[in-house]
Amino acid sequence: MELIQDTSRSPLEYMKGVLLIKCFAEALGPLQSFQAQPDDLLISTYPKSGTTWVNKILDMIYQVGDLENCNRAPIYIRVPFLEASDPGEPSGLETLKDTPAPRLIKSHLPLALLPQTLLDQKVKVVYVARNPKDVAVSYYHFHRMEKTHPEPGTWDTTLCHCPLPASPHVQEWWELSHTHPVLYLFYEDMKEVRPPNPKREIQKILEFVGRSLPEETVDLMVQHTSFREMKKNPMTNYTTVPQEFMDHSISPFMRKGMAGDWKTTFTVAQNERFDADYAEKMAGCSLSFRSEL
Ligand SMILES: *[C@@H]1O[C@H](CO)[C@@H](O)[C@H](O)[C@H]1NC(C)=O
């Protein structure tokens with residue numbers, strides 16, 4: 001019998017100065033053997049920034065809008081998660097071995113931990129960034145339901161001692177976009193309900209990956225990648241993940257999918273504290289976010 005190590009609610013571990021959940025930290029050794037291919041496409045995000053949304057959009061592009069193909073397996077199988085290694089489940093690396101080229105690959109790794117082969121092979125990157133206040137709220141609820149994370153404590157303590165600050169991630173990938181093929185997208189632009197979005201962002205992705213699709217297919221994609229559709233689609237709402245890893249009764253994986261909802265959670269004092277801290281962390285960076293639409 002395979003020995004299954006219990007990594008549930010384990011403390012975070014430092015790897016090259018970055019705090020990681022235990023099972024990701026353990027995946028880094030085997031990842032040394034990962035070999036990128038020039039036609040791979042990396043979807044990089046800080047967690048809770050629209051990752052699954054962009055995964056679904058790209059999967060639909062690669063499947064030329066064929067819904068049946070897209071719904072053949074959960075999104076985390078169709079777009080393997082590079083650093084995933086939940087005990088008893090196939091790792092990201094194993095899933096990638098069975099994935100035919102051209103491959104879509106998802107990762108949350110900071111550049112310091114990213115396998116160098118992805119940069120050496122000049123693999124194209126689609127990056128999505130989201131305003132940090134919505135990310136903080138979303139991450140808090142995810143923390144509560146995703147059992148490989150340590151217990152989050154209260155919202156206030158989570159916000160005070162956020163172990164995984166988003167600011168270095170969004171900044172370093174922004175810097176990388178000046179020297180490497182990175183399409184840098186913003187969640188708020190995708191979310192904007194005024195036409196032509198999210199269509200305009202889908203067109204940007206199509207152009208970046210060098211494909212074109214008929215107008216009707218793009219309209220179909222807009223419809224099937226909407227939050228409402230993805231929340232009720234078992235292949236994208238993560239209910240196929242065993243309950244020991246994700247407990248949707250605590251908080252669903254697809255929770256609200258909104259821009260600016262942080263206002264219902266942050267107190268005035270928390271907001272002031274966050275703004276001051278954030279301004280310091282982002283000093284000198286030209287990136288800016290819309291905190292509401
Ligand atoms: C996930 O999708 C299934 C199938 O449509 C649905 O029954 C379930 O309520 C959804 N779950 C969540 C947590 O959104």
# chains A, B, ... in the order shown; residues from 1 in each chain; ligands from 1
$ residues_near_ligand --ligand "ligand 1" --cutoff "7 Å" --atoms "only C-alpha atoms and all ligand atoms" --output "list in words"
Lys231, Lys232, Asn233, Pro234, Asn237, Thr239, His248, Pro252, Phe253 and Met254 of chain A
$ residues_around --residues "His108 in chain A" --least-positions-apart "6" --cutoff "7 Å" --atoms "only C-alpha atoms" --output "PDB file with all heavy atoms, in the first residue's frame"
ATOM      1  N   SER A  44       0.300  32.175 -15.583  1.00  0.00           N
ATOM      2  CA  SER A  44       0.873  32.512 -14.283  1.00  0.00           C
ATOM      3  C   SER A  44       0.001  33.530 -13.575  1.00  0.00           C
ATOM      4  O   SER A  44      -0.447  34.509 -14.186  1.00  0.00           O
ATOM      5  CB  SER A  44       2.281  33.077 -14.482  1.00  0.00           C
ATOM      6  OG  SER A  44       2.737  33.664 -13.290  1.00  0.00           O
ATOM      7  N   THR A  45      -0.248  33.287 -12.300  1.00  0.00           N
ATOM      8  CA  THR A  45      -1.019  34.225 -11.488  1.00  0.00           C
ATOM      9  C   THR A  45      -0.577  34.098 -10.036  1.00  0.00           C
ATOM     10  O   THR A  45      -0.076  33.057  -9.628  1.00  0.00           O
ATOM     11  CB  THR A  45      -2.529  33.887 -11.474  1.00  0.00           C
ATOM     12  OG1 THR A  45      -2.684  32.555 -10.978  1.00  0.00           O
ATOM     13  CG2 THR A  45      -3.174  34.005 -12.832  1.00  0.00           C
ATOM     14  N   TYR A  46      -0.818  35.148  -9.281  1.00  0.00           N
ATOM     15  CA  TYR A  46      -0.839  35.009  -7.827  1.00  0.00           C
ATOM     16  C   TYR A  46      -2.209  34.371  -7.538  1.00  0.00           C
ATOM     17  O   TYR A  46      -3.189  34.679  -8.232  1.00  0.00           O
ATOM     18  CB  TYR A  46      -0.735  36.401  -7.176  1.00  0.00           C
ATOM     19  CG  TYR A  46      -0.714  36.312  -5.679  1.00  0.00           C
ATOM     20  CD1 TYR A  46       0.451  35.983  -5.022  1.00  0.00           C
ATOM     21  CD2 TYR A  46      -1.871  36.516  -4.936  1.00  0.00           C
ATOM     22  CE1 TYR A  46       0.466  35.854  -3.646  1.00  0.00           C
ATOM     23  CE2 TYR A  46      -1.860  36.393  -3.563  1.00  0.00           C
ATOM     24  CZ  TYR A  46      -0.685  36.059  -2.924  1.00  0.00           C
ATOM     25  OH  TYR A  46      -0.677  35.928  -1.569  1.00  0.00           O
ATOM     26  N   PRO A  47      -2.306  33.445  -6.544  1.00  0.00           N
ATOM     27  CA  PRO A  47      -3.600  32.779  -6.324  1.00  0.00           C
ATOM     28  C   PRO A  47      -4.768  33.770  -6.169  1.00  0.00           C
ATOM     29  O   PRO A  47      -4.582  34.883  -5.679  1.00  0.00           O
ATOM     30  CB  PRO A  47      -3.380  32.023  -5.007  1.00  0.00           C
ATOM     31  CG  PRO A  47      -1.903  31.798  -4.932  1.00  0.00           C
ATOM     32  CD  PRO A  47      -1.277  32.985  -5.605  1.00  0.00           C
TER      33      PRO A  47
END
$ closest_atom_pairs --of "range 167-235 of chain A" --to "range 260-267 of chain A" --cutoff "12 Å" --atoms "only C-alpha atoms" --output "Markdown table"
| residue | atom | partner | partner_atom | distance |
| --- | --- | --- | --- | --- |
| A:Tyr187 | CA | A:Gly260 | CA | 11.0 |
| A:Glu188 | CA | A:Gly260 | CA | 9.0 |
| A:Lys191 | CA | A:Gly260 | CA | 10.6 |
| A:Glu192 | CA | A:Gly260 | CA | 11.4 |
$ write_last_selection --atoms "C-alpha atoms" --output "PDB file, in the first residue's frame"
ATOM      1  CA  TYR A 187      -8.943  40.855 -13.762  1.00  0.00           C
ATOM      2  CA  GLU A 188     -10.857  44.147 -13.575  1.00  0.00           C
ATOM      3  CA  LYS A 191     -14.689  41.730 -15.449  1.00  0.00           C
ATOM      4  CA  GLU A 192     -15.811  45.024 -16.904  1.00  0.00           C
TER       5      GLU A 192
END
$ closest_atom_pairs --of "range 44-103 of chain A" --to "range 30-38 of chain A" --cutoff "10 Å" --atoms "only C-alpha atoms" --output "tab-separated table"
residue	atom	partner	partner_atom	distance
A:Leu82	CA	A:Leu31	CA	8.1
A:Glu83	CA	A:Leu31	CA	7.4
A:Ser91	CA	A:Pro30	CA	9.9
A:Gly92	CA	A:Leu31	CA	9.2
A:Leu93	CA	A:Leu31	CA	7.1
A:Leu96	CA	A:Phe34	CA	9.3
A:Lys97	CA	A:Phe34	CA	9.5
A:Ala101	CA	A:Gln37	CA	8.5
A:Pro102	CA	A:Gln37	CA	8.4
A:Arg103	CA	A:Gln37	CA	8.5
$ atom_distance --atom1 "CA of Pro214 in chain A" --atom2 "CA of Ala129 in chain A"
27.6 Å
$ select_by_dssp --residues "range 127-185 of chain A" --states "alpha helix (DSSP H)" --output "PyMOL selection string"
chain A and resi 132-145+155-160+167-176
$ closest_residue --among "A:Ile77, A:Val123, A:Met15, A:Leu159" --to "His180 in chain A" --atoms "only C-alpha atoms"
A:Val123
$ atom_distance --atom1 "CA of Val222 in chain A" --atom2 "CA of Met60 in chain A"
10.2 Å
$ select_by_dssp --residues "range 77-182 of chain A" --states "strand (DSSP E)" --output "number ranges by chain"
A: 104-107, 124-129, 182
$ closest_residue --among "A:Met258, A:Gln270, A:Ser226, A:Pro90" --to "Thr157 in chain A" --atoms "only C-alpha atoms"
A:Gln270
$ closest_residue --among "A:Ala279, A:Pro152, A:Ala166, A:Thr236" --to "Val135 in chain A" --atoms "only C-alpha atoms"
A:Ala166
$ closest_residue --among "A:Glu146, A:Asp59, A:Asp86, A:Glu94" --to "Tyr238 in chain A" --atoms "only C-alpha atoms"
A:Glu146
$ closest_residue --among "A:Ser49, A:Asn197, A:Asn71, A:Ser85" --to "Gly257 in chain A" --atoms "only C-alpha atoms"
A:Ser49
$ residues_around --residues "Ala25 in chain A" --least-positions-apart "2" --cutoff "9 Å" --atoms "only C-alpha atoms" --output "ChimeraX atom specification"
/A:12-15,19-23,27-29,83
$ residues_around --residues "Phe81 in chain A" --least-positions-apart "5" --cutoff "7 Å" --atoms "only C-alpha atoms" --output "ChimeraX atom specification"
/A:76,92,105-107
$ closest_residue --among "A:Val125, A:Val79, A:Val54, A:Ile43" --to "Thr179 in chain A" --atoms "only C-alpha atoms"
A:Val125
$ residues_around --residues "Leu213 in chain A" --least-positions-apart "5" --cutoff "9 Å" --atoms "only C-alpha atoms" --output "list in words"
Ile61, Val64, Gly65, Leu206 and Val218 of chain A
$ write_last_selection --atoms "C-alpha atoms" --output "mmCIF file, in the first residue's frame"
data_model
loop_
_atom_site.group_PDB
_atom_site.id
_atom_site.type_symbol
_atom_site.label_atom_id
_atom_site.label_comp_id
_atom_site.auth_asym_id
_atom_site.auth_seq_id
_atom_site.Cartn_x
_atom_site.Cartn_y
_atom_site.Cartn_z
ATOM 1 C CA ILE A 61 -9.282 28.508 -27.507
ATOM 2 C CA VAL A 64 -11.533 25.718 -30.921
ATOM 3 C CA GLY A 65 -14.663 26.183 -28.792
ATOM 4 C CA LEU A 206 -6.142 35.031 -29.242
ATOM 5 C CA VAL A 218 -15.804 33.891 -29.350
#
$ decode --residues "range 86-116 of chain A" --atoms "N, CA and C atoms" --output "PDB file, in the first residue's frame"
ATOM      1  N   ASP A  86      -0.724  17.099  -4.231  1.00  0.00           N
ATOM      2  CA  ASP A  86      -1.545  16.675  -3.100  1.00  0.00           C
ATOM      3  C   ASP A  86      -1.320  15.182  -2.885  1.00  0.00           C
ATOM      4  N   PRO A  87      -1.131  14.767  -1.616  1.00  0.00           N
ATOM      5  CA  PRO A  87      -0.857  13.348  -1.362  1.00  0.00           C
ATOM      6  C   PRO A  87      -1.971  12.454  -1.894  1.00  0.00           C
ATOM      7  N   GLY A  88      -1.583  11.385  -2.589  1.00  0.00           N
ATOM      8  CA  GLY A  88      -2.570  10.441  -3.105  1.00  0.00           C
ATOM      9  C   GLY A  88      -3.175  10.846  -4.442  1.00  0.00           C
ATOM     10  N   GLU A  89      -2.840  12.045  -4.951  1.00  0.00           N
ATOM     11  CA  GLU A  89      -3.356  12.527  -6.236  1.00  0.00           C
ATOM     12  C   GLU A  89      -2.173  12.616  -7.210  1.00  0.00           C
ATOM     13  N   PRO A  90      -2.443  12.500  -8.533  1.00  0.00           N
ATOM     14  CA  PRO A  90      -1.324  12.671  -9.468  1.00  0.00           C
ATOM     15  C   PRO A  90      -0.750  14.080  -9.350  1.00  0.00           C
ATOM     16  N   SER A  91       0.578  14.192  -9.368  1.00  0.00           N
ATOM     17  CA  SER A  91       1.195  15.521  -9.248  1.00  0.00           C
ATOM     18  C   SER A  91       1.062  16.265 -10.572  1.00  0.00           C
ATOM     19  N   GLY A  92       1.345  17.557 -10.547  1.00  0.00           N
ATOM     20  CA  GLY A  92       1.295  18.353 -11.764  1.00  0.00           C
ATOM     21  C   GLY A  92       2.237  17.783 -12.815  1.00  0.00           C
ATOM     22  N   LEU A  93       3.412  17.380 -12.349  1.00  0.00           N
ATOM     23  CA  LEU A  93       4.430  16.836 -13.238  1.00  0.00           C
ATOM     24  C   LEU A  93       3.942  15.553 -13.913  1.00  0.00           C
ATOM     25  N   GLU A  94       3.300  14.698 -13.133  1.00  0.00           N
ATOM     26  CA  GLU A  94       2.765  13.444 -13.701  1.00  0.00           C
ATOM     27  C   GLU A  94       1.656  13.737 -14.713  1.00  0.00           C
ATOM     28  N   THR A  95       0.778  14.670 -14.370  1.00  0.00           N
ATOM     29  CA  THR A  95      -0.310  15.019 -15.292  1.00  0.00           C
ATOM     30  C   THR A  95       0.270  15.577 -16.598  1.00  0.00           C
ATOM     31  N   LEU A  96       1.331  16.372 -16.465  1.00  0.00           N
ATOM     32  CA  LEU A  96       1.947  16.972 -17.658  1.00  0.00           C
ATOM     33  C   LEU A  96       2.521  15.929 -18.602  1.00  0.00           C
ATOM     34  N   LYS A  97       3.036  14.831 -18.025  1.00  0.00           N
ATOM     35  CA  LYS A  97       3.627  13.780 -18.863  1.00  0.00           C
ATOM     36  C   LYS A  97       2.583  13.173 -19.790  1.00  0.00           C
ATOM     37  N   ASP A  98       1.311  13.177 -19.350  1.00  0.00           N
ATOM     38  CA  ASP A  98       0.236  12.589 -20.162  1.00  0.00           C
ATOM     39  C   ASP A  98      -0.487  13.643 -21.004  1.00  0.00           C
ATOM     40  N   THR A  99       0.014  14.872 -21.003  1.00  0.00           N
ATOM     41  CA  THR A  99      -0.688  15.940 -21.720  1.00  0.00           C
ATOM     42  C   THR A  99      -0.070  16.142 -23.103  1.00  0.00           C
ATOM     43  N   PRO A 100      -0.871  15.998 -24.161  1.00  0.00           N
ATOM     44  CA  PRO A 100      -0.299  16.179 -25.498  1.00  0.00           C
ATOM     45  C   PRO A 100       0.043  17.647 -25.777  1.00  0.00           C
ATOM     46  N   ALA A 101       1.050  17.856 -26.583  1.00  0.00           N
ATOM     47  CA  ALA A 101       1.431  19.220 -27.002  1.00  0.00           C
ATOM     48  C   ALA A 101       0.393  19.729 -28.008  1.00  0.00           C
ATOM     49  N   PRO A 102       0.182  21.028 -28.090  1.00  0.00           N
ATOM     50  CA  PRO A 102       0.763  22.085 -27.264  1.00  0.00           C
ATOM     51  C   PRO A 102       0.075  22.148 -25.896  1.00  0.00           C
ATOM     52  N   ARG A 103       0.906  22.249 -24.845  1.00  0.00           N
ATOM     53  CA  ARG A 103       0.372  22.151 -23.488  1.00  0.00           C
ATOM     54  C   ARG A 103       0.090  23.529 -22.874  1.00  0.00           C
ATOM     55  N   LEU A 104      -0.969  23.564 -22.079  1.00  0.00           N
ATOM     56  CA  LEU A 104      -1.238  24.717 -21.222  1.00  0.00           C
ATOM     57  C   LEU A 104      -0.784  24.318 -19.828  1.00  0.00           C
ATOM     58  N   ILE A 105      -0.072  25.193 -19.152  1.00  0.00           N
ATOM     59  CA  ILE A 105       0.445  24.878 -17.814  1.00  0.00           C
ATOM     60  C   ILE A 105       0.095  26.023 -16.869  1.00  0.00           C
ATOM     61  N   LYS A 106      -0.425  25.664 -15.704  1.00  0.00           N
ATOM     62  CA  LYS A 106      -0.754  26.694 -14.702  1.00  0.00           C
ATOM     63  C   LYS A 106       0.303  26.719 -13.605  1.00  0.00           C
ATOM     64  N   SER A 107       0.659  27.908 -13.136  1.00  0.00           N
ATOM     65  CA  SER A 107       1.572  27.986 -11.986  1.00  0.00           C
ATOM     66  C   SER A 107       1.329  29.267 -11.194  1.00  0.00           C
ATOM     67  N   HIS A 108       1.538  29.157  -9.876  1.00  0.00           N
ATOM     68  CA  HIS A 108       1.523  30.336  -9.008  1.00  0.00           C
ATOM     69  C   HIS A 108       2.934  30.658  -8.525  1.00  0.00           C
ATOM     70  N   LEU A 109       3.932  29.938  -9.019  1.00  0.00           N
ATOM     71  CA  LEU A 109       5.282  30.096  -8.460  1.00  0.00           C
ATOM     72  C   LEU A 109       5.839  31.490  -8.710  1.00  0.00           C
ATOM     73  N   PRO A 110       6.546  32.023  -7.708  1.00  0.00           N
ATOM     74  CA  PRO A 110       7.279  33.267  -7.947  1.00  0.00           C
ATOM     75  C   PRO A 110       8.493  32.952  -8.833  1.00  0.00           C
ATOM     76  N   LEU A 111       9.066  33.961  -9.458  1.00  0.00           N
ATOM     77  CA  LEU A 111      10.167  33.718 -10.404  1.00  0.00           C
ATOM     78  C   LEU A 111      11.338  32.984  -9.769  1.00  0.00           C
ATOM     79  N   ALA A 112      11.589  33.231  -8.478  1.00  0.00           N
ATOM     80  CA  ALA A 112      12.729  32.593  -7.823  1.00  0.00           C
ATOM     81  C   ALA A 112      12.597  31.069  -7.801  1.00  0.00           C
ATOM     82  N   LEU A 113      11.366  30.576  -7.864  1.00  0.00           N
ATOM     83  CA  LEU A 113      11.153  29.130  -7.762  1.00  0.00           C
ATOM     84  C   LEU A 113      10.703  28.506  -9.080  1.00  0.00           C
ATOM     85  N   LEU A 114      10.523  29.328 -10.094  1.00  0.00           N
ATOM     86  CA  LEU A 114      10.040  28.815 -11.386  1.00  0.00           C
ATOM     87  C   LEU A 114      11.161  28.036 -12.088  1.00  0.00           C
ATOM     88  N   PRO A 115      10.847  26.832 -12.625  1.00  0.00           N
ATOM     89  CA  PRO A 115      11.898  26.113 -13.357  1.00  0.00           C
ATOM     90  C   PRO A 115      12.465  26.966 -14.500  1.00  0.00           C
ATOM     91  N   GLN A 116      13.772  27.130 -14.516  1.00  0.00           N
ATOM     92  CA  GLN A 116      14.462  27.998 -15.475  1.00  0.00           C
ATOM     93  C   GLN A 116      14.162  27.601 -16.925  1.00  0.00           C
TER      94      GLN A 116
END
